[in-house]
Structures are given as structure tokens and as C-alpha cells.
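Beneath this line is the structure, given in C-alpha cells, with notes to follow.
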Amino acid sequence: MIISFMNQKGGVGKTTVTLGVALTLERAGEKVGIIDMDSQKTSTRFLYYLRANNQTNIEITTSARGFDYVLIDTAPNLNLKQVKAADISDRVILVTKTAPPNLLSTQETVDYLKKHCRPDLPLYLLFNHVDNRKGHAQNLEEKATKVGGVSLPHHLSYMSDYEYLFLQGYAALDKEARLELSQVVYDIVSSPKAGM
Ligand SMILES: Nc1ncnc2c1ncn2[C@@H]1O[C@H](COP(=O)(O)OP(=O)(O)OP(=O)(O)O)[C@@H](O)[C@H]1O
Ligand SMILES: [Mg+2]
């Protein structure tokens, strides 16, 4: 299965979610590769670091061949590269924060992908950085509808554990973070093939 993580907005957590989902799938016994389409090469750099410290066997790859799951981490842009990545993906996950400027960029990304990609694109929103204390977590479906999208059933909370994924891998995550990530992974792999 090929899963791409996108949003034209920077800093919403595309790379963090790519790594978190990859580490969760690896933990479940799957062979995982990451295609790093971002010239910042954040995924590549930290994956090499984690591999050098024997914290993972996830590979950086340019081909999907030989893997159970290939995750595509994309750059904060909207161009032909994103369209190509989306078109070869079994699921496209738009990672977004809940704040209005993020939702505006997410809406533009949804519109762009719907316009330029294959018509049956399996496109889903994943809310990240959610502050559960402020009750924002309650209105996620409504927020997704406003940007013309469909949200995955679960979201990822704002948690410092996720920042340390880059240095500590799966060991950075406590029970709550592991549970959230496994729910999100389940949501992604079991989501219908036709999305929005
Ligand atoms: N759920 C979360 N809780 C706390 N911190 C998070 C969470 N998700 C991401 N972060 C932090 O937010 C910052 C931005 O995340 P990340 O680099 O994954 O975003 P990105 O969308 O890949 O950015 P870019 O567009 O530049 O590639 C990082 O410092 C990361 O550790
Ligand atoms: Mg990134």
C-alpha cells in the first residue's frame, strides 16, 4: 500500500506523521519504506540517524517494490510532484492543524488535488496538533466539512512525545501516543478506497 502525506502549508506535521505511522507499521511487523519528496530532506536525515542508532529498519526508497507499505513525505508545495504522488497513492492523507489559517490552506490543497488528480482519489484529512483541553477536538468533522473534506475518525493530539520521535523513534512515545497512532494507522488502512 502506498500512502502519501500532504499539505501545501508548512509545519503541520507531514514529516512527523509519516515517521509516526511508519514506526507504528514497523512495530506491527510490516516492511516499510519512506519516499522523501521534500528537498529539506528531514525524513531522510532523521531516518539515517535512527537507523545508525539501531532504532529502526525503515528504509529511504525511491521505489515501492519490495515493501508492504511505502509512505510518501511531501514538500509544502502544490505542483505536479504532489499530483504525481497523489495519483500513485492508495490513500492520500492531508495533515492539518485546526487553526483557521491552516484550514484555509487545507481547503486550497483539497481543491487543487480534486481538480488535478484522478477522480476517485482516496483523500482524507488527519487533524494533528489537536489541543484536547480547549474542546477543539469536538468540532473536527464540522471543520472537515467546511473545507470540503472527510476526516479520519481519529486525530493526533498536541504532545511533546511526537517531537522526540525524530531522535528516539518509537521509544519516544508513551502509551497514549502509541494508542493514538495505532488508531490513526487503522483508520488509514481501513478507510474506503474512494475518499472525498
Ligand atoms: N502532534 C504534535 N504534537 C507536538 N508537536 C508536533 C506534533 N506534530 C508535529 N509536531 C512538531 O511540529 C513541528 C513541525 O512538524 P513537521 O516537521 O512534521 O511538519 P511538516 O509539515 O513536515 O513541515 P514542512 O512543511 O516544513 O515539511 C516539528 O517540530 C514537530 O516535532
Ligand atoms: Mg516535512
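Starting from 1 in every chain, residues are counted up; chains themselves are A, B, ... following the order of the C-alpha cells, and ligands are numbered from 1 as listed.
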For range 120-183 of chain A versus range 87-91 of chain A, which residues have an atom no more than 10 Å away, and what is each residue's nearest atom pair and distance in Å rounded to one decimal, using only C-alpha atoms, chain-then-number order, as a tab-separated table?
residue	atom	partner	partner_atom	distance
A:Asp120	CA	A:Asp87	CA	9.6
A:Leu121	CA	A:Asp87	CA	7.3
A:Pro122	CA	A:Arg91	CA	5.1
A:Leu123	CA	A:Arg91	CA	6.3
A:Tyr124	CA	A:Arg91	CA	7.7
Kindly work out which residues sit at most 7 Å from ligand 1, using only C-alpha atoms and all ligand atoms, and give the list as a list of chain:residue names. A:Lys9, A:Gly10, A:Gly11, A:Val12, A:Gly13, A:Lys14, A:Thr15, A:Thr16, A:Val17, A:Asp38, A:Ala75, A:Pro76, A:Asn128, A:His129, A:Val130, A:Leu156, A:Ser157, A:Tyr158, A:Met159, A:Ser160, A:Asp161, A:Tyr162, A:Glu163, A:Tyr164
Can I get the selection written as a PDB file, in the first residue's frame, with C-alpha atoms?
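Heads up, here's the output in part32.pdb:
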ATOM      1  CA  LYS A   9       1.030  24.514   4.453  1.00  0.00           C
ATOM      2  CA  GLY A  10       4.411  24.060   6.145  1.00  0.00           C
ATOM      3  CA  GLY A  11       4.881  22.791   9.675  1.00  0.00           C
ATOM      4  CA  VAL A  12       1.553  20.979  10.034  1.00  0.00           C
ATOM      5  CA  GLY A  13       3.238  17.656  10.843  1.00  0.00           C
ATOM      6  CA  LYS A  14       3.584  15.845   7.495  1.00  0.00           C
ATOM      7  CA  THR A  15       7.033  14.505   8.364  1.00  0.00           C
ATOM      8  CA  THR A  16       6.138  13.724  11.984  1.00  0.00           C
ATOM      9  CA  VAL A  17       3.041  11.786  10.937  1.00  0.00           C
ATOM     10  CA  ASP A  38      10.863  17.201   0.241  1.00  0.00           C
ATOM     11  CA  ALA A  75       7.069  19.195   0.477  1.00  0.00           C
ATOM     12  CA  PRO A  76       4.858  22.140   1.495  1.00  0.00           C
ATOM     13  CA  ASN A 128      -2.808  16.924  14.032  1.00  0.00           C
ATOM     14  CA  HIS A 129      -1.639  19.118  16.919  1.00  0.00           C
ATOM     15  CA  VAL A 130      -5.140  18.977  18.425  1.00  0.00           C
ATOM     16  CA  LEU A 156      -3.417  13.211  16.863  1.00  0.00           C
ATOM     17  CA  SER A 157      -3.122  15.406  19.936  1.00  0.00           C
ATOM     18  CA  TYR A 158      -0.546  18.031  20.655  1.00  0.00           C
ATOM     19  CA  MET A 159       2.082  16.017  22.577  1.00  0.00           C
ATOM     20  CA  SER A 160       5.783  16.641  23.061  1.00  0.00           C
ATOM     21  CA  ASP A 161       6.359  12.881  22.538  1.00  0.00           C
ATOM     22  CA  TYR A 162       5.901  13.443  18.815  1.00  0.00           C
ATOM     23  CA  GLU A 163       8.751  15.967  18.712  1.00  0.00           C
ATOM     24  CA  TYR A 164      11.149  13.355  20.083  1.00  0.00           C
TER      25      TYR A 164
END
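Across the model, the gap from CA of Pro100 in chain A to CA of Val185 in chain A is 25.8 Å.
Interatomic distance, CA of Tyr48 in chain A to CA of Ser63 in chain A: 17.6 Å.
If only C-alpha atoms and all ligand atoms are the atoms counted, then among A:Arg27, A:Asp73, A:Ala22, A:Val32 the closest residue to ligand 2 is A:Asp73.
For the residues A:Thr74, A:Thr62, A:Gln138, A:Ser4, ranking by smallest atom-to-atom distance to ligand 2 using only C-alpha atoms and all ligand atoms places A:Thr74 first.
Of the listed residues A:Ser43, A:Ser191, A:Thr24, A:Thr109, the one whose atoms come nearest to ligand 2 is A:Ser43, with distances taken using only C-alpha atoms and all ligand atoms.
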Shell around Phe67 in chain A at 12 Å using only C-alpha atoms, local window under 4 positions removed, as a PyMOL selection string: chain A and resi 1-2+22+25-26+29-35+57-63+71
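Between ligand 2 and the candidates A:Asp36, A:Asp174, A:Asp68, A:Asp131, the tightest atom-to-atom separation, counting only C-alpha atoms and all ligand atoms, involves A:Asp36.
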Determine the nearest neighbour of ligand 2 from the options A:Ser190, A:Leu103, A:Phe166, A:Lys134, counting only C-alpha atoms and all ligand atoms. A:Phe166
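Distance annotation: of A:Ile3, A:Ala144, A:Arg45, A:Ala85, the residue with the minimal separation from Val21 in chain A is A:Ile3; atom set is only C-alpha atoms.
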From the DSSP assignment of the backbone, select every residue of chain A that is helix (DSSP H, G or I), and format the answer as JSON, numbers by chain. {"A": [14, 15, 16, 17, 18, 19, 20, 21, 22, 23, 24, 25, 26, 27, 42, 43, 44, 45, 46, 47, 48, 49, 50, 51, 52, 80, 81, 82, 83, 84, 85, 86, 87, 100, 101, 102, 103, 104, 105, 106, 107, 108, 109, 110, 111, 112, 113, 114, 115, 116, 132, 133, 134, 136, 137, 138, 139, 140, 141, 142, 143, 144, 145, 146, 160, 161, 162, 163, 164, 165, 166, 167, 168, 169, 170, 171, 172, 175, 176, 177, 178, 179, 180, 181, 182, 183, 184, 185, 186, 187, 188, 189, 190]}
Generate a file of the selected residues that holds C-alpha atoms, formatted as a CSV table (one decimal), in the first residue's frame.
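part.csv, written as the output of this step:
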chain,number,residue,atom,x,y,z
A,14,LYS,CA,3.6,15.8,7.5
A,15,THR,CA,7.0,14.5,8.4
A,16,THR,CA,6.1,13.7,12.0
A,17,VAL,CA,3.0,11.8,10.9
A,18,THR,CA,4.9,10.0,8.2
A,19,LEU,CA,7.5,8.9,10.7
A,20,GLY,CA,5.0,8.0,13.4
A,21,VAL,CA,2.9,5.9,11.0
A,22,ALA,CA,6.0,4.2,9.6
A,23,LEU,CA,7.3,3.3,13.1
A,24,THR,CA,3.8,2.0,14.1
A,25,LEU,CA,3.6,-0.2,11.0
A,26,GLU,CA,7.1,-1.5,11.5
A,27,ARG,CA,6.2,-2.3,15.1
A,42,THR,CA,14.0,16.0,7.1
A,43,SER,CA,12.7,12.4,6.9
A,44,THR,CA,15.9,11.2,5.2
A,45,ARG,CA,18.2,12.8,7.8
A,46,PHE,CA,16.4,11.6,10.8
A,47,LEU,CA,15.8,8.1,9.4
A,48,TYR,CA,19.5,7.7,8.8
A,49,TYR,CA,20.1,8.8,12.4
A,50,LEU,CA,17.6,6.4,13.8
A,51,ARG,CA,19.0,3.5,11.6
A,52,ALA,CA,22.5,4.3,12.7
A,80,LEU,CA,2.9,18.5,-10.5
A,81,LYS,CA,5.1,16.5,-8.0
A,82,GLN,CA,2.2,16.4,-5.5
A,83,VAL,CA,-0.2,15.4,-8.2
A,84,LYS,CA,2.0,12.6,-9.3
A,85,ALA,CA,2.5,11.4,-5.7
A,86,ALA,CA,-1.3,11.5,-5.1
A,87,ASP,CA,-2.1,9.7,-8.3
A,100,PRO,CA,-8.3,28.9,10.6
A,101,PRO,CA,-5.1,29.8,8.5
A,102,ASN,CA,-4.3,26.1,8.4
A,103,LEU,CA,-7.8,25.2,7.3
A,104,LEU,CA,-7.7,27.8,4.6
A,105,SER,CA,-4.5,26.2,3.2
A,106,THR,CA,-6.0,22.8,3.6
A,107,GLN,CA,-9.1,23.9,1.6
A,108,GLU,CA,-6.9,25.1,-1.2
A,109,THR,CA,-4.9,21.8,-1.2
A,110,VAL,CA,-8.2,19.8,-1.3
A,111,ASP,CA,-9.5,21.9,-4.2
A,112,TYR,CA,-6.2,21.6,-6.1
A,113,LEU,CA,-5.9,17.9,-5.7
A,114,LYS,CA,-9.5,17.3,-6.6
A,115,LYS,CA,-9.0,19.4,-9.8
A,116,HIS,CA,-5.8,17.9,-11.0
A,132,ASN,CA,-7.9,18.4,23.6
A,133,ARG,CA,-8.2,20.8,26.6
A,134,LYS,CA,-9.8,23.5,24.6
A,136,HIS,CA,-11.4,21.9,19.6
A,137,ALA,CA,-11.4,18.2,19.3
A,138,GLN,CA,-15.2,18.1,19.3
A,139,ASN,CA,-15.8,20.1,16.1
A,140,LEU,CA,-13.4,18.3,13.8
A,141,GLU,CA,-16.0,16.7,11.5
A,142,GLU,CA,-17.6,20.1,11.1
A,143,LYS,CA,-14.2,21.7,10.3
A,144,ALA,CA,-13.5,19.0,7.7
A,145,THR,CA,-16.9,19.5,6.0
A,146,LYS,CA,-16.2,23.3,5.8
A,160,SER,CA,5.8,16.6,23.1
A,161,ASP,CA,6.4,12.9,22.5
A,162,TYR,CA,5.9,13.4,18.8
A,163,GLU,CA,8.8,16.0,18.7
A,164,TYR,CA,11.1,13.4,20.1
A,165,LEU,CA,10.2,10.7,17.5
A,166,PHE,CA,12.9,12.2,15.3
A,167,LEU,CA,15.6,11.4,17.9
A,168,GLN,CA,14.3,8.4,19.8
A,169,GLY,CA,12.0,6.6,17.4
A,170,TYR,CA,9.1,4.5,18.8
A,171,ALA,CA,10.7,4.7,22.3
A,172,ALA,CA,9.8,8.4,22.5
A,175,LYS,CA,1.1,4.6,25.9
A,176,GLU,CA,-1.3,7.4,24.9
A,177,ALA,CA,0.7,8.4,21.9
A,178,ARG,CA,1.1,4.8,20.7
A,179,LEU,CA,-2.7,4.2,21.0
A,180,GLU,CA,-3.5,7.4,19.0
A,181,LEU,CA,-1.1,6.4,16.3
A,182,SER,CA,-2.3,2.9,16.1
A,183,GLN,CA,-5.9,4.2,15.8
A,184,VAL,CA,-4.8,6.5,13.0
A,185,VAL,CA,-3.0,3.7,11.2
A,186,TYR,CA,-6.1,1.5,11.4
A,187,ASP,CA,-8.2,4.4,10.1
A,188,ILE,CA,-5.9,4.9,7.2
A,189,VAL,CA,-5.6,1.3,6.1
A,190,SER,CA,-9.3,0.5,6.6
